[in-house]
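Q: Have a peek at protein-v2.tsv (TSV, C-alpha atoms and all ligand atoms).
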chain	number	residue	atom	x	y	z
A	1	MET	CA	3.44	-15.03	-17.43
A	2	ALA	CA	0.04	-16.07	-16.11
A	3	ALA	CA	-0.13	-12.98	-13.92
A	4	LYS	CA	0.03	-10.74	-16.95
A	5	LYS	CA	-3.24	-12.05	-18.35
A	6	THR	CA	-5.16	-10.17	-15.70
A	7	LEU	CA	-4.79	-6.41	-16.02
A	8	PRO	CA	-1.80	-5.07	-14.10
A	9	VAL	CA	-2.38	-2.57	-11.31
A	10	LEU	CA	-0.46	0.61	-12.09
A	11	TYR	CA	0.79	3.16	-9.57
A	12	VAL	CA	2.05	6.47	-10.91
A	13	VAL	CA	4.48	7.75	-8.26
A	14	THR	CA	5.08	11.48	-8.18
A	15	PRO	CA	7.35	13.37	-5.78
A	16	CYS	CA	6.28	16.92	-4.91
A	17	TYR	CA	8.29	19.52	-3.08
A	18	ASN	CA	6.84	23.01	-2.75
A	19	GLU	CA	4.72	22.54	-5.85
A	20	GLU	CA	1.56	24.42	-4.93
A	21	LYS	CA	1.83	26.38	-8.17
A	22	VAL	CA	2.21	23.45	-10.51
A	23	LEU	CA	0.17	20.70	-8.83
A	24	PRO	CA	-3.26	22.18	-9.59
A	25	LEU	CA	-2.24	22.29	-13.25
A	26	THR	CA	-0.72	18.83	-13.53
A	27	TYR	CA	-2.82	16.61	-11.27
A	28	PRO	CA	-5.80	16.65	-13.69
A	29	LEU	CA	-3.41	15.38	-16.39
A	30	PHE	CA	-2.22	12.48	-14.24
A	31	LEU	CA	-5.78	11.68	-13.27
A	32	LYS	CA	-6.98	11.79	-16.84
A	33	LYS	CA	-4.14	9.52	-17.94
A	34	VAL	CA	-4.88	6.87	-15.34
A	35	LYS	CA	-8.60	6.98	-16.14
A	36	GLU	CA	-7.87	6.63	-19.85
A	37	LEU	CA	-5.57	3.67	-19.28
A	38	ILE	CA	-8.22	1.99	-17.13
A	39	LYS	CA	-10.84	2.63	-19.77
A	40	ALA	CA	-8.60	1.28	-22.53
A	41	LYS	CA	-8.20	-1.87	-20.42
A	42	MET	CA	-4.45	-1.47	-20.35
A	43	VAL	CA	-4.36	-1.38	-16.56
A	44	SER	CA	-6.60	-2.56	-13.74
A	45	PRO	CA	-9.35	-0.28	-12.35
A	46	GLU	CA	-7.41	-0.42	-9.06
A	47	SER	CA	-4.69	1.77	-10.58
A	48	LYS	CA	-3.78	5.02	-8.84
A	49	VAL	CA	-1.66	8.14	-8.79
A	50	LEU	CA	0.40	8.34	-5.60
A	51	PHE	CA	1.66	11.80	-4.69
A	52	VAL	CA	4.59	11.91	-2.27
A	53	ASN	CA	4.82	15.17	-0.38
A	54	ASP	CA	8.52	15.62	0.35
A	55	GLY	CA	8.16	17.84	3.41
A	56	SER	CA	6.90	20.84	1.46
A	57	LYS	CA	6.69	24.14	3.27
A	58	ASP	CA	3.77	25.44	1.23
A	59	GLU	CA	0.22	24.26	0.52
A	60	THR	CA	1.27	21.14	-1.42
A	61	TRP	CA	0.08	18.61	1.19
A	62	ASP	CA	-3.27	20.38	1.60
A	63	ILE	CA	-3.78	20.18	-2.14
A	64	ILE	CA	-2.90	16.48	-2.14
A	65	THR	CA	-5.27	15.61	0.71
A	66	LYS	CA	-8.04	17.57	-0.97
A	67	ILE	CA	-7.69	15.93	-4.38
A	68	ALA	CA	-7.28	12.51	-2.75
A	69	LYS	CA	-10.61	12.99	-1.03
A	70	GLU	CA	-12.29	13.99	-4.28
A	71	ASN	CA	-10.85	11.27	-6.51
A	72	LYS	CA	-10.60	7.60	-5.71
A	73	GLU	CA	-7.72	7.29	-8.20
A	74	ILE	CA	-5.55	9.64	-6.17
A	75	GLU	CA	-3.61	8.83	-3.01
A	76	GLY	CA	-0.96	10.69	-1.09
A	77	ILE	CA	1.73	10.10	1.49
A	78	CYS	CA	3.60	12.75	3.41
A	79	LEU	CA	7.23	12.46	4.51
A	80	SER	CA	8.06	13.76	7.96
A	81	ARG	CA	10.50	16.28	6.47
A	82	ASN	CA	12.23	17.17	3.22
A	83	ARG	CA	14.43	14.24	2.22
A	84	GLY	CA	15.21	15.16	-1.37
A	85	HIS	CA	13.90	13.98	-4.71
A	86	GLN	CA	15.53	10.53	-4.70
A	87	ASN	CA	14.30	9.56	-1.25
A	88	ALA	CA	10.83	10.84	-2.04
A	89	VAL	CA	10.65	8.70	-5.18
A	90	LEU	CA	11.92	5.68	-3.23
A	91	ALA	CA	9.34	6.22	-0.48
A	92	GLY	CA	6.58	6.28	-3.09
A	93	LEU	CA	7.85	3.20	-4.89
A	94	MET	CA	8.23	1.18	-1.70
A	95	GLU	CA	4.78	2.24	-0.58
A	96	ALA	CA	3.25	1.35	-3.92
A	97	LYS	CA	4.96	-1.96	-4.56
A	98	GLU	CA	2.81	-3.90	-2.12
A	99	ARG	CA	-0.35	-2.89	-3.87
A	100	CYS	CA	0.50	-2.89	-7.55
A	101	ASP	CA	2.20	-4.78	-10.37
A	102	ILE	CA	3.86	-1.83	-12.04
A	103	THR	CA	5.00	1.62	-10.95
A	104	VAL	CA	5.84	4.60	-13.10
A	105	SER	CA	7.84	7.34	-11.40
A	106	ILE	CA	7.45	10.78	-12.94
A	107	ASP	CA	8.07	14.39	-11.84
A	108	CYS	CA	4.99	16.37	-10.91
A	109	ASP	CA	5.89	19.48	-12.91
A	110	GLY	CA	4.58	18.29	-16.26
A	111	GLN	CA	8.04	18.21	-17.86
A	112	ASP	CA	7.97	14.52	-18.61
A	113	ASP	CA	5.56	13.64	-21.40
A	114	ILE	CA	2.86	11.66	-19.65
A	115	ASP	CA	1.71	10.00	-22.89
A	116	ALA	CA	4.90	7.92	-22.93
A	117	ILE	CA	3.32	5.82	-20.17
A	118	ASP	CA	1.18	4.02	-22.78
A	119	GLU	CA	4.27	2.87	-24.62
A	120	MET	CA	5.94	1.89	-21.34
A	121	ILE	CA	3.00	-0.31	-20.41
A	122	ARG	CA	3.05	-1.91	-23.84
A	123	ARG	CA	6.72	-2.72	-23.32
A	124	TYR	CA	5.90	-4.20	-19.94
A	125	ALA	CA	3.29	-6.39	-21.59
A	126	GLU	CA	6.03	-7.58	-23.97
A	127	GLY	CA	7.96	-8.80	-20.95
A	128	TYR	CA	10.23	-5.90	-19.98
A	129	GLU	CA	10.42	-5.35	-16.25
A	130	VAL	CA	12.15	-1.95	-16.35
A	131	VAL	CA	11.40	0.67	-19.01
A	132	TYR	CA	13.57	3.79	-18.95
A	133	GLY	CA	12.09	7.03	-20.24
A	134	VAL	CA	14.77	8.71	-22.35
A	135	ARG	CA	14.65	12.32	-23.52
A	136	SER	CA	14.78	12.46	-27.29
A	137	LYS	CA	15.36	16.20	-27.58
A	138	ARG	CA	16.17	18.99	-25.24
A	139	ASP	CA	14.83	21.84	-27.36
A	140	THR	CA	12.87	23.34	-24.52
A	141	ASP	CA	15.83	23.43	-22.15
A	142	THR	CA	18.06	26.48	-22.13
A	143	PHE	CA	21.49	25.99	-23.69
A	144	PHE	CA	23.04	26.11	-20.24
A	145	LYS	CA	20.73	23.45	-18.77
A	146	ARG	CA	21.23	21.22	-21.79
A	147	PHE	CA	24.99	21.60	-21.73
A	148	THR	CA	25.30	20.96	-17.99
A	149	ALA	CA	22.84	18.06	-18.06
A	150	GLU	CA	24.57	16.34	-20.97
A	151	SER	CA	27.99	16.88	-19.43
A	152	PHE	CA	26.55	15.33	-16.29
A	153	TYR	CA	25.74	12.08	-18.11
A	154	LYS	CA	29.09	12.03	-19.89
A	155	LEU	CA	31.01	12.66	-16.69
A	156	LEU	CA	29.11	9.92	-14.88
A	157	HIS	CA	29.80	7.52	-17.70
A	158	MET	CA	33.50	8.39	-17.79
A	159	MET	CA	33.72	7.85	-14.07
A	160	GLY	CA	32.36	4.35	-14.35
A	161	ALA	CA	28.73	4.81	-13.28
A	162	GLU	CA	26.50	2.69	-15.47
A	163	ILE	CA	23.56	4.88	-16.40
A	164	VAL	CA	21.18	5.21	-19.34
A	165	PHE	CA	22.02	8.35	-21.34
A	166	ASN	CA	19.48	11.15	-20.95
A	167	HIS	CA	17.35	9.12	-18.59
A	168	ALA	CA	16.30	10.89	-15.40
A	169	ASP	CA	13.71	9.45	-13.08
A	170	TYR	CA	10.85	8.80	-15.47
A	171	ARG	CA	10.64	5.03	-15.60
A	172	LEU	CA	8.41	2.03	-15.33
A	173	VAL	CA	9.50	-0.59	-12.82
A	174	SER	CA	7.62	-3.77	-11.99
A	175	SER	CA	6.92	-4.63	-8.38
A	176	ARG	CA	8.95	-7.78	-8.89
A	177	VAL	CA	12.05	-5.66	-9.56
A	178	LEU	CA	11.17	-3.39	-6.65
A	179	ASN	CA	11.07	-6.40	-4.33
A	180	GLU	CA	14.66	-7.18	-5.31
A	181	PHE	CA	15.56	-3.50	-5.17
A	182	GLU	CA	14.52	-3.40	-1.55
A	183	SER	CA	17.65	-5.29	-0.58
A	184	PHE	CA	19.81	-2.39	-1.84
A	185	ARG	CA	20.08	-0.77	1.54
A	186	GLU	CA	22.31	2.21	0.75
A	187	VAL	CA	21.36	5.62	2.07
A	188	ASN	CA	23.20	7.54	-0.65
A	189	LEU	CA	20.58	7.09	-3.31
A	190	PHE	CA	21.07	7.50	-7.02
A	191	LEU	CA	18.11	5.61	-8.39
A	192	ARG	CA	18.86	5.94	-12.10
A	193	GLY	CA	22.22	4.30	-11.54
A	194	MET	CA	20.90	1.64	-9.21
A	195	PHE	CA	18.16	0.09	-11.33
A	196	PRO	CA	20.64	-1.10	-13.97
A	197	LEU	CA	22.42	-2.91	-11.11
A	198	VAL	CA	19.27	-4.83	-10.20
A	199	GLY	CA	19.21	-6.19	-13.72
A	200	PHE	CA	16.15	-7.86	-15.32
A	201	LYS	CA	15.00	-7.30	-18.86
A	202	SER	CA	14.94	-3.60	-19.64
A	203	THR	CA	14.38	-1.27	-22.56
A	204	THR	CA	13.92	2.43	-23.27
A	205	VAL	CA	11.10	4.62	-24.52
A	206	ALA	CA	11.86	8.06	-26.01
A	207	TYR	CA	9.85	11.12	-25.07
A	208	GLU	CA	10.14	14.85	-25.46
A	209	ARG	CA	10.92	16.92	-22.45
A	210	GLN	CA	8.60	19.90	-21.97
A	211	GLU	CA	9.03	23.11	-20.06
A	212	ARG	CA	7.99	23.21	-16.44
A	213	MET	CA	4.32	24.24	-16.31
A	214	ALA	CA	4.78	26.55	-13.32
A	215	GLY	CA	7.07	27.13	-10.37
A	216	GLU	CA	10.84	26.80	-10.45
A	217	SER	CA	13.37	24.02	-10.84
A	218	HIS	CA	14.82	22.64	-7.61
A	219	TYR	CA	17.95	21.62	-9.46
A	220	PRO	CA	20.20	24.62	-9.97
A	221	LEU	CA	23.79	23.97	-11.07
A	222	SER	CA	25.04	23.52	-7.51
A	223	LYS	CA	22.51	20.75	-6.78
A	224	MET	CA	23.17	19.13	-10.15
A	225	LEU	CA	26.91	19.05	-9.41
A	226	ALA	CA	26.15	17.56	-5.99
A	227	LEU	CA	23.96	14.91	-7.65
A	228	ALA	CA	26.65	14.11	-10.20
A	229	PHE	CA	29.24	13.77	-7.47
A	230	ASP	CA	26.90	11.58	-5.42
A	231	GLY	CA	26.20	9.50	-8.47
A	232	ILE	CA	29.87	8.90	-9.15
A	233	THR	CA	30.92	8.20	-5.60
A	234	SER	CA	27.91	5.97	-4.88
A	235	LEU	CA	28.35	3.85	-7.96
A	236	SER	CA	32.00	3.66	-8.74
A	237	ILE	CA	35.46	3.66	-7.22
A	238	LYS	CA	37.04	4.84	-10.45
A	239	PRO	CA	38.10	8.22	-8.96
A	240	ILE	CA	40.21	6.35	-6.42
A	241	ARG	CA	41.80	4.35	-9.24
A	242	ILE	CA	42.50	7.58	-11.14
A	243	ILE	CA	44.17	9.02	-8.06
A	244	THR	CA	46.31	5.92	-7.78
A	245	GLY	CA	47.20	6.32	-11.46
A	246	ILE	CA	48.17	9.96	-11.02
A	247	GLY	CA	50.11	9.02	-7.90
A	248	VAL	CA	52.14	6.47	-9.84
A	249	ILE	CA	52.89	8.88	-12.70
A	250	VAL	CA	53.85	11.69	-10.31
A	251	ALA	CA	56.04	9.28	-8.36
A	252	ILE	CA	57.88	8.23	-11.53
A	253	ILE	CA	58.43	11.85	-12.59
A	254	SER	CA	59.58	12.74	-9.09
A	255	PHE	CA	62.00	9.85	-9.06
A	256	ALA	CA	63.47	11.01	-12.38
A	257	GLY	CA	63.72	14.49	-10.91
A	258	VAL	CA	65.60	13.18	-7.89
A	259	ILE	CA	68.13	11.36	-10.09
A	260	TYR	CA	68.53	14.47	-12.21
A	261	SER	CA	69.17	16.71	-9.21
A	262	ILE	CA	71.67	14.32	-7.66
A	263	ALA	CA	73.47	14.04	-10.98
A	264	SER	CA	73.49	17.84	-11.24
A	265	PHE	CA	74.92	18.08	-7.76
A	266	PHE	CA	77.84	15.84	-8.62
A	267	ALA	CA	78.36	17.68	-11.88
A	268	GLY	CA	78.62	20.90	-9.88
A	269	ARG	CA	75.72	22.53	-11.70
A	270	THR	CA	73.53	23.26	-8.69
A	271	VAL	CA	72.01	26.71	-8.31
A	272	PRO	CA	69.84	28.07	-5.50
A	273	GLY	CA	66.73	26.28	-6.73
A	274	TRP	CA	64.03	28.14	-4.90
A	275	THR	CA	61.60	28.37	-7.85
A	276	SER	CA	61.73	24.72	-8.75
A	277	MET	CA	61.37	23.68	-5.14
A	278	THR	CA	58.32	25.83	-4.70
A	279	CYS	CA	56.73	24.55	-7.91
A	280	ILE	CA	57.22	20.96	-6.93
A	281	LEU	CA	55.92	21.58	-3.44
A	282	CYS	CA	52.80	23.32	-4.70
A	283	PHE	CA	52.13	20.71	-7.32
A	284	VAL	CA	52.53	17.74	-5.06
A	285	SER	CA	50.65	19.22	-2.14
A	286	GLY	CA	47.83	20.22	-4.49
A	287	ILE	CA	47.47	16.72	-5.77
A	288	GLN	CA	47.65	15.36	-2.27
A	289	LEU	CA	44.89	17.61	-1.09
A	290	ILE	CA	42.57	16.74	-3.97
A	291	SER	CA	43.26	13.06	-3.41
A	292	LEU	CA	42.61	13.33	0.29
A	293	GLY	CA	39.37	15.15	-0.43
A	294	ILE	CA	38.10	12.46	-2.77
A	295	ILE	CA	39.13	9.67	-0.44
A	296	GLY	CA	37.48	11.59	2.38
A	297	GLU	CA	34.30	11.64	0.33
A	298	TYR	CA	34.25	7.86	0.24
A	299	VAL	CA	35.07	7.62	3.93
A	300	GLY	CA	32.18	10.00	4.59
A	301	LYS	CA	29.88	7.86	2.50
A	302	THR	CA	30.93	4.75	4.40
A	303	TYR	CA	30.23	6.59	7.62
A	304	LEU	CA	26.73	7.48	6.49
A	305	GLU	CA	26.07	3.95	5.31
A	306	THR	CA	27.19	2.37	8.57
A	307	LYS	CA	24.68	4.43	10.51
A	308	GLN	CA	21.86	2.71	8.61
A	309	ARG	CA	19.43	5.49	9.32
A	310	PRO	CA	16.00	5.25	7.73
A	311	ARG	CA	15.93	6.82	4.30
A	312	TYR	CA	12.56	8.42	4.87
A	313	ILE	CA	9.79	8.47	7.45
A	314	ILE	CA	6.16	8.62	6.41
A	315	SER	CA	4.18	10.82	8.76
A	316	GLU	CA	0.76	10.85	7.09
A	317	ARG	CA	-1.28	9.01	4.50
A	318	THR	CA	-4.50	9.91	2.73
A	319	TYR	CA	-5.67	6.33	3.22
A	320	LYS	CA	-5.54	3.65	5.91
A	321	GLU	CA	-2.48	1.46	5.81
A	401	LIG	N1	11.48	17.25	-5.63
A	401	LIG	C1	11.31	16.60	-4.40
A	401	LIG	N2	12.13	16.92	-3.35
A	401	LIG	C2	13.13	17.87	-3.45
A	401	LIG	C3	13.30	18.52	-4.73
A	401	LIG	C4	12.47	18.17	-5.78
A	401	LIG	O1	10.44	15.74	-4.26
A	401	LIG	O2	13.81	18.13	-2.47
A	401	LIG	C5	10.60	16.90	-6.76
A	401	LIG	C6	9.92	18.05	-7.46
A	401	LIG	O3	8.71	18.40	-6.84
A	401	LIG	C7	9.73	17.52	-8.86
A	401	LIG	C8	10.90	16.59	-9.05
A	401	LIG	O4	11.40	16.30	-7.74
A	401	LIG	O5	8.54	16.75	-8.99
A	401	LIG	C9	12.00	17.18	-9.92
A	401	LIG	O6	12.39	18.45	-9.45
A	401	LIG	P1	12.59	19.69	-10.41
A	401	LIG	O7	11.48	19.76	-11.42
A	401	LIG	O8	12.75	20.88	-9.54
A	401	LIG	O9	13.96	19.36	-11.12
A	401	LIG	P2	14.35	19.52	-12.69
A	401	LIG	O10	13.23	18.91	-13.48
A	401	LIG	O11	14.47	20.97	-12.93
A	401	LIG	O12	15.64	18.78	-12.84
A	402	MG	MG	11.36	19.51	-13.41
Turn this file's structure into structure tokens for me.
Ligand code: UDP
Ligand code: MG

A:
Amino acid sequence: MAAKKTLPVLYVVTPCYNEEKVLPLTYPLFLKKVKELIKAKMVSPESKVLFVNDGSKDETWDIITKIAKENKEIEGICLSRNRGHQNAVLAGLMEAKERCDITVSIDCDGQDDIDAIDEMIRRYAEGYEVVYGVRSKRDTDTFFKRFTAESFYKLLHMMGAEIVFNHADYRLVSSRVLNEFESFREVNLFLRGMFPLVGFKSTTVAYERQERMAGESHYPLSKMLALAFDGITSLSIKPIRIITGIGVIVAIISFAGVIYSIASFFAGRTVPGWTSMTCILCFVSGIQLISLGIIGEYVGKTYLETKQRPRYIISERTYKE
């Protein structure tokens, strides 16, 4: 507890991928927030905003280097190529953890209400090591986005992934938790499902989700489905259990069917059963294929994990290491 008497150093970690349109609008907000927090003596004057350029193909990195030069509260790192949102956040957190006491990860598009950081820091001061930002309303989302996003959380929950409802990647995490988190070496990242596994005292803070200030979402339905599937298969083996369950039920029904057909044969009631044969064949082979696919997904994951490739490579920094 002694450490908390001195002001904690805060790092706001923000992943950016092709955000040249939105960054010039949002970086002043991040900057202002950090300066306000420093002034209010809630965080140390060493606190910073760390922008992670996730291999953008536009002017994003140029913007980051420029604003880092102009403001001592801003720093940037550049990944060697696009590695996706989750890896970019992880890169930023791992980079920050050596130099701070608390990190807050937040999207750079202005959708997450930046003022919730105050409340998060207050919670940290009360002794919480992880504070999850939770969306209170989704008024600004389209019906479709809201429906798919909420189904996403429900599906994940049903499939046995322990996640905080309506929490995305806006969260405060202490460097102490990040040090433990480092030993989670998986390459299939699903951060929001992994932090609950690390444990420590955690709580939630509600905030309202805004509309994107500019540019477009990188998460269309296809990517969201991919993320949901990744989330489930990285965190839980429930789908395999469900397959086993279905297998058992189908086996019992099939067995009953076999007895029935043999009985029919002896009773002399057999007819050329082409239709029933085809139905059974289709049904069983369908189930087998789905099952094989899902099992294959886990085998694929294992394959990727055994390679132990680096999850990201930092190619440039706006400061000396
Ligand atoms: N992002 C990233 N790498 C990617 C895709 C997205 O770093 O490959 C960043 C993006 O710049 C943004 C955040 O991840 O800061 C969330 O993306 P987006 O706003 O497109 O998703 P949505 O909020 O629509 O779910
Ligand atoms: Mg967004």

Q: Name all residues at most 12 Å from A:Tyr219 (count all atoms listed in the file; drop same-chain ones fewer than 3 positions away) and give them as a list of chain:residue names.

A: A:Tyr17, A:Gly84, A:His85, A:Lys145, A:Thr148, A:Ala149, A:Glu216, A:Ser222, A:Lys223, A:Met224, A:Leu225, A:Ala226, A:Leu227, A:Ala228

Q: May I have the residues from that selection written out with C-alpha atoms, as a short mmCIF file (atom, residue, chain, number, x, y, z; two decimals), in the coordinates of the input?

A:
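Saved as result_26.cif:
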data_model
loop_
_atom_site.label_atom_id
_atom_site.label_comp_id
_atom_site.auth_asym_id
_atom_site.auth_seq_id
_atom_site.Cartn_x
_atom_site.Cartn_y
_atom_site.Cartn_z
CA TYR A 17 8.29 19.52 -3.08
CA GLY A 84 15.21 15.16 -1.37
CA HIS A 85 13.90 13.98 -4.71
CA LYS A 145 20.73 23.45 -18.77
CA THR A 148 25.30 20.96 -17.99
CA ALA A 149 22.84 18.06 -18.06
CA GLU A 216 10.84 26.80 -10.45
CA SER A 222 25.04 23.52 -7.51
CA LYS A 223 22.51 20.75 -6.78
CA MET A 224 23.17 19.13 -10.15
CA LEU A 225 26.91 19.05 -9.41
CA ALA A 226 26.15 17.56 -5.99
CA LEU A 227 23.96 14.91 -7.65
CA ALA A 228 26.65 14.11 -10.20
#

Q: What are the centre and edge lengths in Å, to one decimal, of the axis-aligned box around all listed atoms of stretch 183-202 of chain A with 5 Å added on each side, as AutoDock Vina command-line options?

A:
--center_x 19.1 --center_y -0.2 --center_z -8.8 --size_x 18.3 --size_y 25.4 --size_z 31.7

Q: So, with all atoms listed in the file as the atoms that count, which of A:Glu316, A:Asp169, A:Glu305, A:Glu36 lies closest to ligand MG 402 (chain A)?

A: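 Among the listed residues, A:Asp169 lies closest to ligand MG 402 (chain A).
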
Q: Restricting the calculation to only C-alpha atoms: of A:Thr204, A:Ser174, A:Gln86, A:Ser234, which residue gets closest to A:Gly300?

A: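 Ranking A:Thr204, A:Ser174, A:Gln86, A:Ser234 by distance to A:Gly300, first place goes to A:Ser234.
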
Q: Could you tell me, counting only C-alpha atoms and all ligand atoms, which protein and nucleic acid residues lie no more than 8 Å from ligand MG 402 (chain A), written as number ranges by chain?

A: A: 107-112, 211-212, 216-219

Q: Counting all atoms listed in the file, write as an MDAnalysis selection string all protein and nucleic acid residues lying at most 12 Å from (19.8, 22.3, -21.6) in the file's frame.

A: chainID A and resid 135 137:152 166 209:211 220:221

Q: Hey, what's within 7 Å of A:Lys97 if we count all atoms listed in the file and toss same-chain stuff fewer than 4 positions away? As a PyMOL selection string, please?

A: chain A and resi 93+175+178
